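Enquirer: Below is data.csv; it holds CSV, C-alpha atoms and all ligand atoms.
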```csv
chain,number,residue,atom,x,y,z
A,1,MET,CA,-48.4,-212.4,218.3
A,2,ILE,CA,-46.8,-212.7,214.9
A,3,ASP,CA,-46.7,-209.0,214.5
A,4,LEU,CA,-45.0,-208.7,217.9
A,5,PHE,CA,-42.3,-211.0,216.6
A,6,ALA,CA,-41.7,-208.7,213.6
A,7,ASP,CA,-39.7,-206.3,215.8
A,8,VAL,CA,-37.5,-209.2,217.1
A,9,SER,CA,-36.9,-210.6,213.6
A,10,ALA,CA,-36.0,-207.1,212.2
A,11,TYR,CA,-33.5,-206.8,215.1
A,12,CYS,CA,-31.9,-210.1,214.1
A,13,ARG,CA,-31.8,-209.5,210.3
A,14,LEU,CA,-28.3,-210.0,209.0
A,15,ALA,CA,-27.5,-207.9,206.0
A,16,VAL,CA,-25.0,-205.2,205.0
A,17,ALA,CA,-26.3,-202.1,203.2
A,18,PRO,CA,-24.6,-201.7,199.8
A,19,GLU,CA,-23.4,-198.2,200.8
A,20,HIS,CA,-21.7,-199.6,203.9
A,21,ARG,CA,-19.6,-202.2,202.0
A,22,ARG,CA,-15.8,-201.6,201.9
A,23,PRO,CA,-12.9,-203.8,200.7
A,24,ILE,CA,-11.8,-206.4,203.3
A,25,ALA,CA,-8.5,-208.3,203.6
A,26,ILE,CA,-8.0,-211.3,205.8
A,27,VAL,CA,-5.0,-212.4,207.9
A,28,GLY,CA,-5.3,-216.2,208.5
A,29,ALA,CA,-6.6,-218.8,206.2
A,30,GLY,CA,-7.6,-221.4,208.8
A,31,GLY,CA,-10.7,-223.4,209.5
A,32,ILE,CA,-12.9,-220.6,210.8
A,33,VAL,CA,-12.1,-218.3,207.8
A,34,ASP,CA,-12.7,-221.1,205.3
A,35,GLY,CA,-15.8,-222.4,207.0
A,36,ALA,CA,-17.6,-219.3,208.4
A,37,HIS,CA,-16.1,-215.9,207.6
A,38,LEU,CA,-15.9,-216.4,203.8
A,39,PRO,CA,-19.3,-218.1,203.4
A,40,ALA,CA,-20.9,-215.4,205.4
A,41,TYR,CA,-19.3,-212.6,203.4
A,42,ALA,CA,-20.4,-214.2,200.2
A,43,LEU,CA,-24.0,-214.4,201.4
A,44,ALA,CA,-23.8,-210.7,202.4
A,45,GLY,CA,-22.2,-209.6,199.1
A,46,LEU,CA,-19.0,-208.3,200.7
A,47,THR,CA,-15.8,-207.8,198.8
A,48,VAL,CA,-12.7,-209.6,200.0
A,49,VAL,CA,-9.7,-208.2,198.0
A,50,GLY,CA,-7.0,-210.4,199.5
A,51,ILE,CA,-5.7,-212.8,202.1
A,52,THR,CA,-2.5,-213.9,203.7
A,53,ASP,CA,-1.2,-216.6,206.1
A,54,VAL,CA,2.2,-217.7,207.3
A,55,ASP,CA,1.2,-220.9,205.5
A,56,LEU,CA,1.0,-219.4,202.0
A,57,ALA,CA,-0.1,-222.7,200.4
A,58,ARG,CA,-3.1,-222.6,202.7
A,59,ALA,CA,-3.8,-219.0,201.8
A,60,ARG,CA,-3.6,-219.8,198.1
A,61,ASP,CA,-6.0,-222.8,198.4
A,62,VAL,CA,-8.6,-220.8,200.3
A,63,ALA,CA,-8.2,-217.9,197.9
A,64,GLU,CA,-8.8,-220.2,194.9
A,65,ARG,CA,-11.8,-221.9,196.4
A,66,HIS,CA,-13.5,-218.7,197.5
A,67,GLY,CA,-12.6,-216.5,194.5
A,68,ILE,CA,-10.3,-214.1,196.4
A,69,PRO,CA,-8.2,-212.2,193.8
A,70,ARG,CA,-5.0,-211.6,195.7
A,71,VAL,CA,-2.7,-213.6,198.1
A,72,TYR,CA,-0.3,-211.3,199.9
A,73,ALA,CA,3.2,-212.7,200.7
A,74,SER,CA,3.0,-211.1,204.2
A,75,VAL,CA,1.0,-209.0,206.6
A,76,ASP,CA,3.2,-206.0,205.7
A,77,GLU,CA,2.3,-206.5,202.0
A,78,LEU,CA,-1.4,-206.7,202.9
A,79,LEU,CA,-1.2,-203.5,205.0
A,80,ALA,CA,0.6,-201.6,202.2
A,81,ASP,CA,-2.4,-202.2,199.9
A,82,ASP,CA,-4.3,-198.9,199.8
A,83,GLU,CA,-7.4,-200.6,198.6
A,84,VAL,CA,-7.8,-202.4,201.9
A,85,VAL,CA,-10.1,-200.6,204.3
A,86,VAL,CA,-10.8,-203.4,206.9
A,87,VAL,CA,-8.4,-206.0,208.2
A,88,ASP,CA,-10.1,-209.2,209.4
A,89,ILE,CA,-7.7,-211.0,211.8
A,90,ALA,CA,-8.3,-214.7,212.4
A,91,VAL,CA,-5.1,-216.2,213.7
A,92,PRO,CA,-4.4,-217.9,217.1
A,93,VAL,CA,-4.6,-215.4,220.0
A,94,SER,CA,-0.8,-215.4,220.6
A,95,ALA,CA,-0.3,-214.0,217.1
A,96,GLN,CA,-3.1,-211.4,217.1
A,97,PRO,CA,-1.6,-208.4,219.1
A,98,PRO,CA,1.3,-207.5,216.7
A,99,ILE,CA,-1.0,-207.7,213.7
A,100,PHE,CA,-3.7,-205.6,215.5
A,101,ARG,CA,-1.1,-202.9,216.3
A,102,ALA,CA,0.4,-202.9,212.8
A,103,ALA,CA,-3.1,-202.7,211.2
A,104,LEU,CA,-4.0,-199.6,213.2
A,105,ALA,CA,-0.7,-198.0,212.5
A,106,ALA,CA,-1.4,-198.5,208.8
A,107,GLY,CA,-4.8,-196.8,209.3
A,108,LYS,CA,-7.0,-199.9,208.8
A,109,HIS,CA,-10.2,-200.6,210.6
A,110,VAL,CA,-10.0,-204.0,212.4
A,111,LEU,CA,-12.2,-207.0,213.2
A,112,ALA,CA,-10.2,-209.4,215.4
A,113,GLN,CA,-11.2,-213.0,216.2
A,114,LYS,CA,-11.9,-213.9,219.8
A,115,PRO,CA,-10.1,-213.9,222.1
A,116,PHE,CA,-8.3,-210.8,220.9
A,117,ALA,CA,-5.9,-210.8,223.8
A,118,VAL,CA,-4.8,-213.4,226.4
A,119,SER,CA,-4.7,-211.0,229.3
A,120,PRO,CA,-6.5,-207.9,230.6
A,121,GLU,CA,-3.2,-206.0,230.4
A,122,ILE,CA,-2.7,-206.7,226.6
A,123,ALA,CA,-6.5,-206.1,226.0
A,124,ARG,CA,-6.4,-202.7,227.7
A,125,GLU,CA,-3.2,-201.7,225.8
A,126,LEU,CA,-4.8,-202.6,222.5
A,127,ALA,CA,-8.0,-200.9,223.3
A,128,SER,CA,-6.1,-197.7,224.2
A,129,ILE,CA,-4.3,-197.7,220.9
A,130,ALA,CA,-7.6,-198.4,219.1
A,131,ASP,CA,-9.3,-195.5,221.0
A,132,ALA,CA,-6.5,-193.1,220.1
A,133,SER,CA,-6.6,-194.1,216.4
A,134,GLY,CA,-10.2,-193.1,215.9
A,135,LEU,CA,-10.6,-196.3,213.7
A,136,VAL,CA,-13.4,-198.7,214.1
A,137,THR,CA,-12.4,-201.9,216.0
A,138,ALA,CA,-14.4,-204.9,217.1
A,139,VAL,CA,-13.9,-208.4,218.3
A,140,ASN,CA,-15.5,-211.3,216.4
A,141,GLN,CA,-17.8,-212.3,219.4
A,142,GLN,CA,-20.4,-213.2,216.9
A,143,MET,CA,-22.6,-215.2,219.2
A,144,ARG,CA,-24.2,-211.8,219.9
A,145,PHE,CA,-25.6,-212.1,216.3
A,146,ASP,CA,-26.6,-215.7,216.5
A,147,GLU,CA,-30.4,-215.5,216.0
A,148,GLY,CA,-31.5,-217.5,219.0
A,149,ILE,CA,-29.3,-215.3,221.3
A,150,ALA,CA,-30.0,-212.0,219.5
A,151,ALA,CA,-33.7,-212.6,219.5
A,152,ALA,CA,-33.7,-213.5,223.2
A,153,HIS,CA,-31.7,-210.3,223.9
A,154,ARG,CA,-34.3,-208.2,222.0
A,155,MET,CA,-37.2,-209.9,223.9
A,156,VAL,CA,-35.5,-208.9,227.2
A,157,GLU,CA,-35.0,-205.3,225.8
A,158,LEU,CA,-38.7,-205.2,224.9
A,159,GLY,CA,-39.6,-206.1,228.6
A,160,TRP,CA,-41.2,-209.4,227.7
A,161,ILE,CA,-39.7,-211.2,230.8
A,162,GLY,CA,-39.3,-208.2,233.1
A,163,ASP,CA,-36.0,-207.9,235.0
A,164,ILE,CA,-33.6,-210.8,234.6
A,165,THR,CA,-33.3,-212.9,237.7
A,166,SER,CA,-31.1,-215.7,236.3
A,167,PHE,CA,-29.3,-216.8,233.1
A,168,SER,CA,-27.9,-220.3,232.5
A,169,ILE,CA,-26.0,-221.9,229.6
A,170,THR,CA,-25.4,-225.6,229.7
A,171,VAL,CA,-23.3,-227.4,227.0
A,172,ASN,CA,-22.3,-231.0,226.7
A,173,VAL,CA,-20.3,-231.8,223.5
A,174,THR,CA,-17.4,-233.7,222.2
A,175,THR,CA,-14.7,-231.4,221.0
A,176,PRO,CA,-11.8,-232.7,218.8
A,177,TRP,CA,-9.1,-230.4,220.3
A,178,GLU,CA,-6.4,-232.1,218.2
A,179,LEU,CA,-7.7,-230.1,215.2
A,180,TRP,CA,-5.9,-227.0,216.6
A,181,ASP,CA,-2.2,-227.5,217.1
A,182,TRP,CA,-1.9,-224.1,218.8
A,183,ALA,CA,-4.6,-225.1,221.4
A,184,GLN,CA,-2.6,-228.1,222.8
A,185,SER,CA,-0.2,-226.0,224.8
A,186,MET,CA,-2.7,-223.4,226.1
A,187,GLU,CA,-2.8,-223.6,229.9
A,188,ARG,CA,-6.0,-221.5,229.8
A,189,LEU,CA,-8.1,-223.3,227.2
A,190,GLU,CA,-11.8,-224.0,227.5
A,191,ILE,CA,-13.0,-220.6,228.6
A,192,MET,CA,-10.3,-218.7,226.7
A,193,VAL,CA,-11.1,-220.2,223.2
A,194,HIS,CA,-14.7,-221.6,223.5
A,195,SER,CA,-16.8,-220.5,226.5
A,196,ILE,CA,-15.7,-216.9,226.1
A,197,HIS,CA,-18.7,-216.6,223.8
A,198,TYR,CA,-21.1,-217.7,226.6
A,199,HIS,CA,-19.4,-215.4,229.2
A,200,ASP,CA,-19.5,-212.5,226.8
A,201,ALA,CA,-23.3,-213.3,226.3
A,202,VAL,CA,-23.8,-213.2,230.1
A,203,ARG,CA,-22.3,-209.7,230.2
A,204,TRP,CA,-24.3,-208.6,227.2
A,205,PHE,CA,-27.6,-209.6,228.9
A,206,MET,CA,-26.8,-208.8,232.5
A,207,GLY,CA,-24.0,-206.3,232.7
A,208,GLU,CA,-21.0,-206.6,234.9
A,209,PRO,CA,-21.2,-209.2,237.7
A,210,ARG,CA,-20.3,-208.4,241.3
A,211,SER,CA,-18.4,-211.7,241.7
A,212,VAL,CA,-17.6,-215.0,240.1
A,213,TYR,CA,-16.6,-218.5,241.2
A,214,ALA,CA,-15.3,-221.1,238.7
A,215,ILE,CA,-14.1,-224.7,238.8
A,216,ALA,CA,-12.5,-226.7,236.0
A,217,GLY,CA,-11.5,-230.2,235.1
A,218,ARG,CA,-9.3,-232.2,232.7
A,219,THR,CA,-9.8,-235.8,231.7
A,220,ALA,CA,-7.2,-238.5,232.0
A,221,GLY,CA,-5.6,-239.1,228.6
A,222,GLN,CA,-6.6,-235.8,227.0
A,223,ARG,CA,-4.1,-234.2,224.7
A,224,PRO,CA,-4.4,-230.5,225.5
A,225,ILE,CA,-2.8,-229.3,228.7
A,226,GLY,CA,-5.6,-226.9,229.6
A,227,GLU,CA,-9.0,-227.5,231.1
A,228,THR,CA,-11.8,-229.1,229.0
A,229,ARG,CA,-14.7,-228.8,231.5
A,230,THR,CA,-15.7,-225.7,233.3
A,231,LEU,CA,-18.5,-224.6,235.7
A,232,SER,CA,-18.8,-220.9,236.4
A,233,SER,CA,-21.2,-219.1,238.6
A,234,TYR,CA,-22.0,-215.4,238.9
A,235,THR,CA,-23.6,-213.0,241.4
A,236,PHE,CA,-24.9,-209.5,240.5
A,237,ASP,CA,-25.6,-206.5,242.7
A,238,SER,CA,-29.3,-206.8,241.7
A,239,GLY,CA,-29.4,-210.3,243.4
A,240,ALA,CA,-29.6,-212.0,240.0
A,241,SER,CA,-27.3,-215.0,239.3
A,242,ALA,CA,-25.9,-216.8,236.3
A,243,LEU,CA,-24.4,-220.2,235.5
A,244,VAL,CA,-22.2,-221.4,232.6
A,245,HIS,CA,-21.5,-225.2,232.6
A,246,VAL,CA,-19.5,-226.5,229.7
A,247,ASN,CA,-18.3,-230.1,229.2
A,248,HIS,CA,-16.3,-231.0,226.1
A,249,VAL,CA,-16.0,-234.7,227.1
A,250,ASN,CA,-19.4,-236.0,226.4
A,251,ARG,CA,-19.0,-239.7,225.7
A,252,GLY,CA,-22.7,-240.2,225.5
A,253,GLY,CA,-23.2,-239.1,221.9
A,254,ASP,CA,-26.1,-236.8,222.9
A,255,ASN,CA,-24.7,-233.3,222.3
A,256,SER,CA,-26.7,-230.6,223.9
A,257,ALA,CA,-26.4,-226.8,224.3
A,258,GLU,CA,-29.2,-225.1,226.1
A,259,PHE,CA,-29.8,-221.6,227.5
A,260,ARG,CA,-32.4,-220.1,229.7
A,261,VAL,CA,-33.2,-216.6,230.9
A,262,ASP,CA,-35.6,-216.1,233.7
A,263,GLY,CA,-37.1,-212.8,234.6
A,264,THR,CA,-39.7,-211.3,236.9
A,265,ALA,CA,-42.4,-211.4,234.2
A,266,GLY,CA,-41.5,-214.6,232.3
A,267,ALA,CA,-38.8,-216.8,230.8
A,268,ILE,CA,-37.0,-217.5,227.6
A,269,ARG,CA,-35.5,-220.9,226.8
A,270,GLY,CA,-33.6,-222.1,223.7
A,271,THR,CA,-30.9,-224.3,222.2
A,272,LEU,CA,-27.7,-223.4,220.3
A,273,GLY,CA,-28.1,-225.5,217.2
A,274,LEU,CA,-24.4,-225.2,216.1
A,275,LEU,CA,-23.2,-227.3,219.0
A,276,TYR,CA,-25.4,-230.3,218.2
A,277,ASP,CA,-23.4,-231.1,215.1
A,278,TYR,CA,-20.4,-228.7,215.0
A,279,PRO,CA,-19.5,-227.1,212.6
A,280,ASP,CA,-22.6,-227.9,210.4
A,281,GLY,CA,-25.1,-227.5,213.2
A,282,ARG,CA,-28.8,-227.1,213.0
A,283,PRO,CA,-31.1,-224.1,213.6
A,284,ASP,CA,-31.4,-222.8,217.1
A,285,THR,CA,-34.7,-223.1,218.9
A,286,LEU,CA,-36.2,-220.4,221.0
A,287,GLU,CA,-39.4,-220.1,223.1
A,288,VAL,CA,-40.8,-217.4,225.3
A,289,ALA,CA,-43.3,-217.5,228.1
A,290,SER,CA,-44.4,-214.1,229.3
A,291,THR,CA,-47.1,-212.6,231.5
A,292,VAL,CA,-47.1,-209.3,229.5
A,293,LEU,CA,-47.7,-210.9,226.1
A,294,PRO,CA,-51.2,-212.0,224.7
A,295,THR,CA,-50.3,-215.7,225.0
A,296,ASP,CA,-50.9,-218.6,227.2
A,297,GLY,CA,-47.7,-220.7,227.9
A,298,TRP,CA,-44.6,-221.1,225.8
A,299,VAL,CA,-44.6,-219.6,222.3
A,300,PRO,CA,-42.0,-220.7,219.8
A,301,TYR,CA,-40.1,-218.0,217.8
A,302,PRO,CA,-39.2,-219.1,214.3
A,303,VAL,CA,-35.4,-219.0,213.9
A,304,THR,CA,-34.3,-218.9,210.3
A,305,GLN,CA,-30.5,-218.1,210.4
A,306,ARG,CA,-27.6,-220.1,211.9
A,307,TRP,CA,-24.7,-219.1,214.1
A,308,PHE,CA,-22.3,-220.6,211.4
A,309,PRO,CA,-22.1,-218.8,209.0
A,310,HIS,CA,-24.8,-216.2,209.3
A,311,ALA,CA,-23.8,-214.5,212.6
A,312,PHE,CA,-20.4,-213.7,211.0
A,313,ILE,CA,-22.3,-211.2,208.8
A,314,GLY,CA,-23.3,-209.4,211.9
A,315,THR,CA,-19.8,-208.8,213.4
A,316,MET,CA,-18.3,-207.7,210.1
A,317,GLY,CA,-21.5,-205.8,209.2
A,318,SER,CA,-21.2,-203.8,212.5
A,319,VAL,CA,-17.7,-202.7,211.7
A,320,LEU,CA,-18.7,-201.7,208.1
A,321,GLU,CA,-21.7,-199.8,209.6
A,322,GLY,CA,-19.4,-198.1,212.1
A,323,ILE,CA,-17.1,-196.9,209.3
A,324,ALA,CA,-20.0,-195.6,207.3
A,325,THR,CA,-22.2,-194.0,210.0
A,326,GLY,CA,-20.0,-193.6,213.1
A,327,SER,CA,-22.1,-196.2,215.1
A,328,THR,CA,-20.3,-198.4,217.7
A,329,PRO,CA,-20.1,-202.1,216.9
A,330,ARG,CA,-22.1,-204.4,219.1
A,331,SER,CA,-18.9,-206.2,220.2
A,332,SER,CA,-16.5,-203.3,220.1
A,333,VAL,CA,-12.9,-203.7,221.3
A,334,ALA,CA,-13.7,-201.2,224.2
A,335,ASP,CA,-16.6,-203.4,225.3
A,336,ASN,CA,-14.6,-206.7,224.9
A,337,VAL,CA,-11.9,-205.6,227.3
A,338,LYS,CA,-14.5,-206.3,230.0
A,339,THR,CA,-15.0,-209.8,228.6
A,340,ILE,CA,-11.3,-210.4,228.8
A,341,GLU,CA,-11.3,-209.1,232.3
A,342,LEU,CA,-14.2,-211.4,233.2
A,343,VAL,CA,-12.4,-214.4,231.6
A,344,ASP,CA,-9.3,-213.6,233.6
A,345,ALA,CA,-11.4,-213.3,236.8
A,346,LEU,CA,-12.8,-216.8,236.2
A,347,TYR,CA,-9.3,-218.3,235.8
A,348,ARG,CA,-8.1,-216.5,238.9
A,349,SER,CA,-11.1,-218.1,240.7
A,350,MET,CA,-10.2,-221.5,239.4
A,351,GLU,CA,-6.6,-221.2,240.3
A,352,SER,CA,-7.2,-219.8,243.9
A,353,ASN,CA,-10.4,-221.8,244.6
A,354,GLN,CA,-11.8,-218.5,245.8
A,355,VAL,CA,-14.7,-216.2,244.8
A,356,VAL,CA,-13.3,-213.3,242.8
A,357,ARG,CA,-14.9,-209.9,243.1
A,358,LEU,CA,-15.1,-207.7,240.0
A,359,ASP,CA,-16.4,-204.5,241.6
B,401,LIG,N1,-16.7,-218.9,216.7
B,401,LIG,C1,-15.6,-218.3,216.5
B,401,LIG,O1,-15.6,-217.1,216.4
B,401,LIG,C2,-14.3,-219.0,216.3
B,401,LIG,C3,-14.3,-220.4,216.0
B,401,LIG,C4,-13.1,-221.0,215.7
B,401,LIG,C5,-11.9,-220.3,215.9
B,401,LIG,N2,-12.0,-219.0,216.3
B,401,LIG,C6,-10.7,-218.2,216.4
B,401,LIG,O2,-10.2,-217.9,215.2
B,401,LIG,C7,-8.8,-218.0,215.2
B,401,LIG,C8,-8.3,-219.0,214.1
B,401,LIG,O3,-8.9,-220.2,214.4
B,401,LIG,P1,-9.0,-221.4,213.3
B,401,LIG,O4,-9.9,-222.4,213.9
B,401,LIG,O5,-9.1,-220.9,212.0
B,401,LIG,O6,-7.5,-222.0,213.5
B,401,LIG,P2,-6.6,-222.8,212.4
B,401,LIG,O7,-5.5,-223.4,213.2
B,401,LIG,O8,-7.5,-223.6,211.5
B,401,LIG,O9,-6.0,-221.5,211.5
B,401,LIG,C9,-5.2,-220.6,212.0
B,401,LIG,C10,-4.4,-220.0,210.8
B,401,LIG,O10,-3.6,-218.9,211.3
B,401,LIG,C11,-2.4,-218.9,210.6
B,401,LIG,N3,-1.4,-218.1,211.3
B,401,LIG,C12,-0.9,-218.3,212.5
B,401,LIG,N4,-0.1,-217.3,212.9
B,401,LIG,C13,-0.1,-216.4,211.8
B,401,LIG,C14,0.5,-215.1,211.6
B,401,LIG,N5,1.3,-214.6,212.5
B,401,LIG,N6,0.2,-214.5,210.5
B,401,LIG,C15,-0.6,-215.0,209.5
B,401,LIG,N7,-1.2,-216.2,209.7
B,401,LIG,C16,-1.0,-216.9,210.8
B,401,LIG,C17,-2.0,-220.4,210.5
B,401,LIG,O11,-1.0,-220.7,209.6
B,401,LIG,C18,-3.4,-221.0,210.2
B,401,LIG,O12,-3.6,-221.1,208.8
B,401,LIG,C19,-8.4,-218.3,216.6
B,401,LIG,O13,-8.1,-217.1,217.3
B,401,LIG,C20,-9.7,-218.9,217.2
B,401,LIG,O14,-9.8,-218.7,218.6
B,401,LIG,C21,-13.2,-218.3,216.4
```
As a first step, turn the structure in this file into structure tokens.
Ligand SMILES: NC(=O)c1ccc[n+]([C@@H]2O[C@H](COP(=O)([O-])OP(=O)(O)OC[C@H]3O[C@@H](n4cnc5c(N)ncnc54)[C@H](O)[C@@H]3O)[C@@H](O)[C@H]2O)c1

Expert:
Amino acid sequence: MIDLFADVSAYCRLAVAPEHRRPIAIVGAGGIVDGAHLPAYALAGLTVVGITDVDLARARDVAERHGIPRVYASVDELLADDEVVVVDIAVPVSAQPPIFRAALAAGKHVLAQKPFAVSPEIARELASIADASGLVTAVNQQMRFDEGIAAAHRMVELGWIGDITSFSITVNVTTPWELWDWAQSMERLEIMVHSIHYHDAVRWFMGEPRSVYAIAGRTAGQRPIGETRTLSSYTFDSGASALVHVNHVNRGGDNSAEFRVDGTAGAIRGTLGLLYDYPDGRPDTLEVASTVLPTDGWVPYPVTQRWFPHAFIGTMGSVLEGIATGSTPRSSVADNVKTIELVDALYRSMESNQVVRLD
């Protein structure tokens, strides 16, 4: 059995080949860059040549602590630096599109934080410019590189559970939304900035759904104006179904984040360690029960890498590999347009209290 896991573990390995490495510059010196992008890039031996932020003091502080040689006074100054090959954008979604367009116009490859656009219209417009540019562009939907999720995906690809019949993700956490000023006024909040990872994962495992139905809730006294609890269901042409249930108002102190994939020949179940103690987290867990493997019952897969920061090596690594070899990143901008369309469909379902068809 251990030799069978070797294929899965090779698929999950997060490293960037030295010949793929190119100079990176970062727009945004916020919490996610400080706590995940930069630690991941250091682990992978990547070169960050500079950083900028509208809050220059913040950029200087992050640059000093992470050993980044240059702080640019503006995005324009960053884009004028010929040494920069990849622009890593990590600012609130409302600020991303102009930076994305300017980076492509300057001939830079781009990795943009999720969500890279608030609407399908903007997403399609940016994807069309990206396509015409011939540059490599991806969205930092790095849950696709989180080891528990990536390993589960590989097990499905290897046929260990047959055809997927259902997929569920259930999360109960306490989220301090007050940490993000820009999130307070977002009418579309929980799915747009958090559960977009889970919905993107459903698409990655199962393809495009036929229809979705979603409901959402707020809690009396909460500060953000948007929803903080969502429950989304999916149907697929194959007859398969999916469920994503996320509650950010867990007052029980027992955070949990579980996923499960059922198939015609077995099942996979796991936990997303990050959500148990965000942003420090703990390792994911993952188990598989399969009628096509030489096992009896549930077998644990040994997860050794975390969502934060390790999975961030995967998204940037896929852009660097794309530049070096012409491969398409796992979460390319072209693919992510479908995730933004799905997110929009979920909100339209909530707002209309109707099933929304995507076909
Ligand atoms: N798992 C993940 O991938 C993950 C986790 C958290 C946040 N995010 C995303 O990353 C982005 C940043 O989140 P954060 O948690 O770091 O937020 P943050 O509020 O800590 O930081 C945002 C930074 O962007 C800067 N900024 C805003 N507009 C700018 C502009 N036009 N030009 C340059 N800098 C600008 C702000 O000054 C701030 O320093 C958001 O889009 C968020 O959705 C992704």

Enquirer: Counting all atoms listed in the file, what is within 12 Å of Gln184 of chain A, bar same-chain residues fewer than 6 positions away, as a PDB file with C-alpha atoms, in the frame of the given file?

Expert:
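around.pdb written:
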```pdb
ATOM      1  CA  PRO A  92      -4.400-217.900 217.100  1.00  0.00           C
ATOM      2  CA  PRO A 176     -11.800-232.700 218.800  1.00  0.00           C
ATOM      3  CA  TRP A 177      -9.100-230.400 220.300  1.00  0.00           C
ATOM      4  CA  GLU A 178      -6.400-232.100 218.200  1.00  0.00           C
ATOM      5  CA  GLU A 190     -11.800-224.000 227.500  1.00  0.00           C
ATOM      6  CA  VAL A 193     -11.100-220.200 223.200  1.00  0.00           C
ATOM      7  CA  GLN A 222      -6.600-235.800 227.000  1.00  0.00           C
ATOM      8  CA  ARG A 223      -4.100-234.200 224.700  1.00  0.00           C
ATOM      9  CA  PRO A 224      -4.400-230.500 225.500  1.00  0.00           C
ATOM     10  CA  ILE A 225      -2.800-229.300 228.700  1.00  0.00           C
ATOM     11  CA  GLY A 226      -5.600-226.900 229.600  1.00  0.00           C
ATOM     12  CA  GLU A 227      -9.000-227.500 231.100  1.00  0.00           C
ATOM     13  CA  THR A 228     -11.800-229.100 229.000  1.00  0.00           C
TER      14      THR A 228
END
```

Enquirer: Pick the closest to Phe5 of chain A from A:Val299, A:Ala63, A:Val261, A:Ile313: which is it, counting only C-alpha atoms?

Expert: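 Counting only C-alpha atoms, the residue closest to Phe5 of chain A is A:Val299.
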
Enquirer: Which residues are close to segment 116-123 of chain A, i.e. within 9 Å by all atoms listed in the file, leaving aside same-chain residues fewer than 3 positions away? Reply as a list of chain:residue names.

Expert: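 These residues fall inside the cut-off: A:Pro92, A:Val93, A:Ser94, A:Gln96, A:Pro97, A:Phe100, A:Ala112, A:Gln113, A:Leu126, A:Ala127, A:Ser128, A:Val139, A:Asn140, A:Arg188, A:Met192, A:Val333, A:Ala334, A:Asn336, A:Val337, A:Lys338, A:Thr339, A:Ile340, A:Glu341, A:Leu342, A:Val343, A:Asp344.
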
Enquirer: Which is closest to ligand LIG 401 (chain B) among A:Gly159, A:Gly207, A:Gly134, A:Gly35, if we use only C-alpha atoms and all ligand atoms?

Expert: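 Going through A:Gly159, A:Gly207, A:Gly134, A:Gly35 one by one, the smallest distance to ligand LIG 401 (chain B) is for A:Gly35.
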
Enquirer: Could you give me the residues within 7 Å of ligand LIG 401 (chain B), counting all atoms listed in the file, as a list of chain:residue names?

Expert: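 My answer, listing the contacting residues, is A:Val27, A:Gly28, A:Ala29, A:Gly30, A:Gly31, A:Ile32, A:Val33, A:Thr52, A:Asp53, A:Val54, A:Asp55, A:Arg58, A:Val75, A:Ala90, A:Val91, A:Pro92, A:Val93, A:Ala95, A:Gln113, A:Lys114, A:Pro115, A:Asn140, A:Gln141, A:Gln142, A:Trp180, A:Asp181, A:Trp182, A:Val193.
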
Enquirer: Around (-21.7, -222.1, 227.7), as given in the file, which residues come within 10 Å? Count all atoms listed in the file and list them as a list in words.

Expert: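 Those residues, ordered by chain and then number, are Ser168, Ile169, Thr170, Val171, Asn172, Ile191, His194, Ser195, Ile196, His197, Tyr198, His199, Asp200, Ala201, Val202, Thr230, Leu231, Ser232, Leu243, Val244, His245, Val246, Asn247, Ala257, Glu258, Phe259 and Leu272 of chain A.
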
Enquirer: Please determine, counting all atoms listed in the file, which residue among A:Leu275, A:Val303, A:Val173, A:Ala345 has the shortest atom-to-atom distance to Asn250 of chain A.

Expert: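 Smallest distance to Asn250 of chain A is found for A:Val173.
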
Enquirer: Please determine, counting only C-alpha atoms, which residue among A:Tyr72, A:Phe312, A:Trp204, A:Phe236 has the shortest atom-to-atom distance to His37 of chain A.

Expert: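 Distance minimum relative to His37 of chain A lands on A:Phe312.
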
Enquirer: One number please: atom CA of Met1 of chain A to atom CA of Gly270 of chain A, in Å, one decimal.

Expert: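 Distance reported for this atom pair: 18.5 Å.
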
Enquirer: Show which residues sit within 7 Å of Arg210 of chain A, as an mmCIF file with C-alpha atoms, in the frame of the given file. Count all atoms listed in the file, and ignore same-chain residues fewer than 5 positions away.

Expert:
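And here is the file that came out, around13.cif:
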```
data_model
loop_
_atom_site.group_PDB
_atom_site.id
_atom_site.type_symbol
_atom_site.label_atom_id
_atom_site.label_comp_id
_atom_site.auth_asym_id
_atom_site.auth_seq_id
_atom_site.Cartn_x
_atom_site.Cartn_y
_atom_site.Cartn_z
ATOM 1 C CA THR A 235 -23.600 -213.000 241.400
ATOM 2 C CA PHE A 236 -24.900 -209.500 240.500
ATOM 3 C CA ASP A 237 -25.600 -206.500 242.700
ATOM 4 C CA ARG A 357 -14.900 -209.900 243.100
ATOM 5 C CA LEU A 358 -15.100 -207.700 240.000
ATOM 6 C CA ASP A 359 -16.400 -204.500 241.600
#
```

Enquirer: Between atom CA of Met155 of chain A and atom CA of Val8 of chain A, what is the distance, to one decimal in Å?

Expert: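 According to the coordinates, atom CA of Met155 of chain A and atom CA of Val8 of chain A are separated by 6.8 Å.
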
Enquirer: Using all atoms listed in the file, which of A:Thr47, A:Thr137, A:Thr304, A:Ser349 sits nearest Ala151 of chain A?

Expert: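 Checking each of A:Thr47, A:Thr137, A:Thr304, A:Ser349 against Ala151 of chain A, counting all atoms listed in the file, the winner is A:Thr304.
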